[in-house]
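**Student:** Take this structure, written in structure tokens, and hold onto it; I'll ask about it next.
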Amino acid sequence: MPEPPEAILFDLDDTIIEFEAVAGPAWEEVTRRFAREFGGVPPERVHRSIAAVSRAWWSDPERHRQGRLDLANTRRANVAEALRALAIGDDGAPESLSRRLAAAFTEARTAAIRPFAGAVETLRHFASAGVPMALVTNGDAAGQRAKIERFDLAGFFRSIVIEEEFGAGKPDERVFRHALAALAATPQQAWMVGDNLRWEIEPCRRLGLHTVWVDVLGQGLPEDAPAAPHRTVRAIAELAR
């Protein structure tokens, strides 16, 4: 593995910023807060219902692509379905329970997200070494830009490629080719660092990048992995050691 690399492409969520892990605690807190409005249904059951509906909904790749570009409405619709499954009243009005639950969760989760320990220092390490970097992230522009600005990340990257702004998202190879071109780097000169085996590791292995998988859950490479990374780390801070 080259030391240091000549260019690096980084994912954002669950690579630089802790994102998925804060969802469960946020839902637990929010459902407890709204417990009196569930008509006697325990908040734990509401949380489980929301989680089950969300897992099923997000498991479809095309729904995932559409939903991540309109997170607010997608989340509200999933919460409404979860409430219906428990026969909890929800009329869909502007101040409906599903809308208030979804908005409260968004607020709680947003407050909880933060960079992983050592993540910003790792970006600073490579920037100081003169390594050009690009940020490549799926999702809507407003949501992703808000995270980038909140944690003052933009200055580390010569290129920021956000799905909604670019018009295509990972694993579309055009995304990675665009980022590489912005860094004036060939695939053989660059690393791709990300937590998603299908969106990042598989297409970038095919393109010829050196792939670094962030095993954020610490569960190891699954048997049905679409591709094996060149290197596995638990956190990107390991890359600067």
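Labels used: A, B, ... for chains in the order of the structure tokens, numbers from 1 for residues in each chain, and numbers from 1 for ligands as shown.
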Give me, as a list in words, all polymer residues having an atom no more than 12 Å from A:Arg174, counting only C-alpha atoms and skipping those fewer than 5 positions away in the same chain.
**Tutor:**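 With the cut-off at 12 Å, the set is Val136, Val161, Glu163, Phe166, Gly167, Ala168, Gly169, Ala179, Leu180, Ala181, Pro203, Cys204 and Leu207 of chain A.
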**Student:** Taking 4 positions as the minimum chain separation for residues in the same chain, which residues sit within 12 Å of A:Trp57 when counting only C-alpha atoms? Answer as a ChimeraX atom specification.
**Tutor:** /A:50-53,61-68,74-75,77-79,81-82
**Student:** Report as a list in words all protein, DNA and RNA residues lying within 6 Å of stretch 236-241 of chain A, evaluated on only C-alpha atoms, omitting residues in the same chain fewer than 5 positions from it.
**Tutor:**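 Surrounding residues, per the criterion: Gly118, Ala119 and Thr122 of chain A.
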**Student:** Write the selection just made, keeping C-alpha atoms, as a PDB file, in the first residue's frame?
**Tutor:**
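Below is the file that was written, out-v6.pdb:
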```
ATOM      1  CA  GLY A 118      -9.623  11.213  15.509  1.00  0.00           C
ATOM      2  CA  ALA A 119     -11.467  11.730  12.216  1.00  0.00           C
ATOM      3  CA  THR A 122      -6.832  12.324  10.261  1.00  0.00           C
TER       4      THR A 122
END
```
**Student:** Could I get the residues of stretch 180-227 of chain A with an atom no further than 10 Å from an atom of stretch 5-17 of chain A, each paired with its nearest atom pair and that distance in Å to one decimal, using only C-alpha atoms, sorted by chain and residue number, as JSON lines?
**Tutor:**
```
{"residue": "A:Leu180", "atom": "CA", "partner": "A:Leu9", "partner_atom": "CA", "distance": 7.9}
{"residue": "A:Leu183", "atom": "CA", "partner": "A:Ala7", "partner_atom": "CA", "distance": 7.0}
{"residue": "A:Ala184", "atom": "CA", "partner": "A:Ala7", "partner_atom": "CA", "distance": 8.7}
{"residue": "A:Ala185", "atom": "CA", "partner": "A:Ala7", "partner_atom": "CA", "distance": 6.6}
{"residue": "A:Thr186", "atom": "CA", "partner": "A:Ala7", "partner_atom": "CA", "distance": 8.7}
{"residue": "A:Pro187", "atom": "CA", "partner": "A:Ala7", "partner_atom": "CA", "distance": 9.0}
{"residue": "A:Gln188", "atom": "CA", "partner": "A:Glu6", "partner_atom": "CA", "distance": 9.2}
{"residue": "A:Gln189", "atom": "CA", "partner": "A:Glu6", "partner_atom": "CA", "distance": 5.4}
{"residue": "A:Ala190", "atom": "CA", "partner": "A:Ala7", "partner_atom": "CA", "distance": 4.6}
{"residue": "A:Trp191", "atom": "CA", "partner": "A:Ile8", "partner_atom": "CA", "distance": 4.7}
{"residue": "A:Met192", "atom": "CA", "partner": "A:Leu9", "partner_atom": "CA", "distance": 4.8}
{"residue": "A:Val193", "atom": "CA", "partner": "A:Phe10", "partner_atom": "CA", "distance": 4.9}
{"residue": "A:Gly194", "atom": "CA", "partner": "A:Asp11", "partner_atom": "CA", "distance": 5.0}
{"residue": "A:Asp195", "atom": "CA", "partner": "A:Thr15", "partner_atom": "CA", "distance": 5.9}
{"residue": "A:Asn196", "atom": "CA", "partner": "A:Asp11", "partner_atom": "CA", "distance": 8.8}
{"residue": "A:Trp199", "atom": "CA", "partner": "A:Asp11", "partner_atom": "CA", "distance": 9.9}
{"residue": "A:Glu200", "atom": "CA", "partner": "A:Asp11", "partner_atom": "CA", "distance": 8.2}
{"residue": "A:Leu209", "atom": "CA", "partner": "A:Ile8", "partner_atom": "CA", "distance": 9.4}
{"residue": "A:His210", "atom": "CA", "partner": "A:Pro5", "partner_atom": "CA", "distance": 9.2}
{"residue": "A:Thr211", "atom": "CA", "partner": "A:Leu9", "partner_atom": "CA", "distance": 9.7}
{"residue": "A:Val212", "atom": "CA", "partner": "A:Phe10", "partner_atom": "CA", "distance": 9.6}
{"residue": "A:Trp213", "atom": "CA", "partner": "A:Thr15", "partner_atom": "CA", "distance": 9.1}
{"residue": "A:Val214", "atom": "CA", "partner": "A:Thr15", "partner_atom": "CA", "distance": 6.5}
{"residue": "A:Asp215", "atom": "CA", "partner": "A:Thr15", "partner_atom": "CA", "distance": 9.0}
{"residue": "A:Val216", "atom": "CA", "partner": "A:Asp14", "partner_atom": "CA", "distance": 6.8}
{"residue": "A:Leu217", "atom": "CA", "partner": "A:Asp14", "partner_atom": "CA", "distance": 9.6}
```
**Student:** For the selection just defined, write its residues with C-alpha atoms to a file, as a PDB file, in the first residue's frame.
**Tutor:**
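Saved file part-v4.pdb follows:
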```
ATOM      1  CA  LEU A 180     -10.642  11.633  -9.428  1.00  0.00           C
ATOM      2  CA  LEU A 183      -7.979  15.745  -7.994  1.00  0.00           C
ATOM      3  CA  ALA A 184      -6.057  15.152 -11.243  1.00  0.00           C
ATOM      4  CA  ALA A 185      -5.472  11.573 -10.060  1.00  0.00           C
ATOM      5  CA  THR A 186      -5.707   8.188 -11.716  1.00  0.00           C
ATOM      6  CA  PRO A 187      -7.480   5.302  -9.966  1.00  0.00           C
ATOM      7  CA  GLN A 188      -4.142   3.576  -9.384  1.00  0.00           C
ATOM      8  CA  GLN A 189      -2.908   6.613  -7.435  1.00  0.00           C
ATOM      9  CA  ALA A 190      -5.908   6.929  -5.142  1.00  0.00           C
ATOM     10  CA  TRP A 191      -7.611   5.391  -2.120  1.00  0.00           C
ATOM     11  CA  MET A 192     -11.339   5.100  -1.592  1.00  0.00           C
ATOM     12  CA  VAL A 193     -12.217   5.132   2.117  1.00  0.00           C
ATOM     13  CA  GLY A 194     -15.777   4.251   3.062  1.00  0.00           C
ATOM     14  CA  ASP A 195     -18.074   2.050   5.128  1.00  0.00           C
ATOM     15  CA  ASN A 196     -20.348   0.701   2.384  1.00  0.00           C
ATOM     16  CA  TRP A 199     -21.584   1.605  -2.816  1.00  0.00           C
ATOM     17  CA  GLU A 200     -17.869   2.251  -2.356  1.00  0.00           C
ATOM     18  CA  LEU A 209      -8.540   2.275  -6.625  1.00  0.00           C
ATOM     19  CA  HIS A 210      -6.976   1.034  -3.404  1.00  0.00           C
ATOM     20  CA  THR A 211     -10.022   0.371  -1.219  1.00  0.00           C
ATOM     21  CA  VAL A 212     -10.181   0.902   2.538  1.00  0.00           C
ATOM     22  CA  TRP A 213     -13.327  -0.410   4.219  1.00  0.00           C
ATOM     23  CA  VAL A 214     -14.370   1.172   7.499  1.00  0.00           C
ATOM     24  CA  ASP A 215     -15.884  -1.689   9.498  1.00  0.00           C
ATOM     25  CA  VAL A 216     -17.829   0.705  11.684  1.00  0.00           C
ATOM     26  CA  LEU A 217     -19.744  -2.080  13.466  1.00  0.00           C
TER      27      LEU A 217
END
```
**Student:** Restricting the calculation to only C-alpha atoms: of A:Ala72, A:Glu44, A:Ala112, A:Phe176, which residue gets closest to A:Gly143?
**Tutor:**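 Closest to A:Gly143 of all the choices is A:Ala72.
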**Student:** When you count only C-alpha atoms, which of these residues is closest to A:Gly24: A:Leu71, A:Ala146, A:Ala108, A:Val131?
**Tutor:**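 Among the listed residues, A:Ala108 lies closest to A:Gly24.
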**Student:** Using only C-alpha atoms, which residue out of A:Glu165, A:Asp90, A:Glu18, A:Asp224 lies closest to A:Asp140?
**Tutor:** A:Glu165
**Student:** Would you mind writing down, as a ChimeraX atom specification, each residue of stretch 105-207 of chain A that DSSP on the backbone assigns to strand (DSSP E)?
**Tutor:** /A:114-115,133-137,159-162,190-194
**Student:** In Å, with one decimal, what is the gap from atom CA of A:Arg231 to atom CA of A:Ile201?
**Tutor:** 10.2 Å
**Student:** Would you give me, as a count of residues only, the residues in stretch 3-211 of chain A that DSSP reads as helix (DSSP H, G or I)?
**Tutor:** 122
**Student:** I'd like the interatomic distance between atom CA of A:Phe34 and atom CA of A:Val22, to a tenth of an Å.
**Tutor:**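 It comes out at 18.6 Å.
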**Student:** I'd like to know which of A:Ser59, A:Thr137, A:Gln144, A:Ser54 is closest to A:Asp172, using only C-alpha atoms.
**Tutor:** A:Thr137
**Student:** Tell me which protein, DNA and RNA residues are within 12 Å of A:Asp152, counting only C-alpha atoms, leaving out same-chain ones fewer than 2 positions away, and put them as a list in words.
**Tutor:**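 Near A:Asp152, the qualifying residues are Ile17, Arg114, Pro115, Val120, Leu123, Arg124, Arg145, Ala146, Lys147, Ile148, Glu149, Arg150, Ala154, Gly155, Phe156 and Phe157 of chain A.
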**Student:** Put those residues in a file: N, CA and C atoms, as an mmCIF file, in the first residue's frame.
**Tutor:**
```cif
data_model
loop_
_atom_site.group_PDB
_atom_site.id
_atom_site.type_symbol
_atom_site.label_atom_id
_atom_site.label_comp_id
_atom_site.auth_asym_id
_atom_site.auth_seq_id
_atom_site.Cartn_x
_atom_site.Cartn_y
_atom_site.Cartn_z
ATOM 1 N N ILE A 17 -18.236 10.941 9.956
ATOM 2 C CA ILE A 17 -19.239 11.334 10.948
ATOM 3 C C ILE A 17 -20.014 10.113 11.424
ATOM 4 N N ARG A 114 -21.748 13.451 15.309
ATOM 5 C CA ARG A 114 -20.459 14.124 15.533
ATOM 6 C C ARG A 114 -19.380 13.344 14.786
ATOM 7 N N PRO A 115 -18.253 13.964 14.504
ATOM 8 C CA PRO A 115 -17.152 13.219 13.890
ATOM 9 C C PRO A 115 -16.657 12.125 14.825
ATOM 10 N N VAL A 120 -11.269 14.152 12.342
ATOM 11 C CA VAL A 120 -10.826 15.460 11.854
ATOM 12 C C VAL A 120 -9.304 15.545 11.874
ATOM 13 N N LEU A 123 -7.986 13.848 8.767
ATOM 14 C CA LEU A 123 -8.080 14.712 7.593
ATOM 15 C C LEU A 123 -6.991 15.773 7.620
ATOM 16 N N ARG A 124 -6.757 16.332 8.789
ATOM 17 C CA ARG A 124 -5.715 17.351 8.929
ATOM 18 C C ARG A 124 -4.331 16.761 8.627
ATOM 19 N N ARG A 145 -24.680 19.312 3.146
ATOM 20 C CA ARG A 145 -23.947 20.574 3.299
ATOM 21 C C ARG A 145 -24.005 21.067 4.745
ATOM 22 N N ALA A 146 -25.141 20.849 5.394
ATOM 23 C CA ALA A 146 -25.271 21.285 6.785
ATOM 24 C C ALA A 146 -24.266 20.573 7.679
ATOM 25 N N LYS A 147 -24.060 19.270 7.456
ATOM 26 C CA LYS A 147 -23.072 18.530 8.248
ATOM 27 C C LYS A 147 -21.663 19.023 7.950
ATOM 28 N N ILE A 148 -21.382 19.228 6.675
ATOM 29 C CA ILE A 148 -20.050 19.679 6.277
ATOM 30 C C ILE A 148 -19.726 21.037 6.914
ATOM 31 N N GLU A 149 -20.698 21.928 6.904
ATOM 32 C CA GLU A 149 -20.481 23.254 7.484
ATOM 33 C C GLU A 149 -20.417 23.192 9.008
ATOM 34 N N ARG A 150 -21.282 22.397 9.606
ATOM 35 C CA ARG A 150 -21.321 22.316 11.072
ATOM 36 C C ARG A 150 -19.986 21.879 11.653
ATOM 37 N N ALA A 154 -15.214 21.469 4.959
ATOM 38 C CA ALA A 154 -15.027 21.803 3.542
ATOM 39 C C ALA A 154 -13.583 22.115 3.198
ATOM 40 N N GLY A 155 -12.861 22.765 4.101
ATOM 41 C CA GLY A 155 -11.500 23.178 3.804
ATOM 42 C C GLY A 155 -10.520 22.050 3.582
ATOM 43 N N PHE A 156 -10.887 20.853 3.976
ATOM 44 C CA PHE A 156 -9.984 19.710 3.785
ATOM 45 C C PHE A 156 -10.041 19.163 2.359
ATOM 46 N N PHE A 157 -11.087 19.502 1.608
ATOM 47 C CA PHE A 157 -11.343 18.815 0.342
ATOM 48 C C PHE A 157 -11.248 19.751 -0.854
#
```
**Student:** Tell me, in Å to one decimal, how far atom CA of A:Gly130 is from atom CA of A:Ile160.
**Tutor:**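 Here the two named atoms are 17.2 Å from each other.
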**Student:** Let me make sure I understand: among A:Ala182, A:Val30, A:Leu153, A:Ala23, which one has the smallest atom-to-atom distance to A:Ala103 if we use only C-alpha atoms?
**Tutor:**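 Counting only C-alpha atoms, the residue closest to A:Ala103 is A:Val30.
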**Student:** Let me make sure I understand: among A:Arg158, A:Phe126, A:Ala87, A:Pro4, which one has the smallest atom-to-atom distance to A:Gly40 if we use only C-alpha atoms?
**Tutor:**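 The closest residue to A:Gly40 is A:Ala87.
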**Student:** When you look at A:Pro42 with a cut-off of 10 Å (counting only C-alpha atoms), what residues show up, excluding the ones that are within fewer than 5 positions of it in the same chain? I need them as a list of chain:residue names.
**Tutor:**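 Using only C-alpha atoms, the neighbours found are A:Thr31, A:Arg32, A:Ala35, A:Arg36, A:His47.
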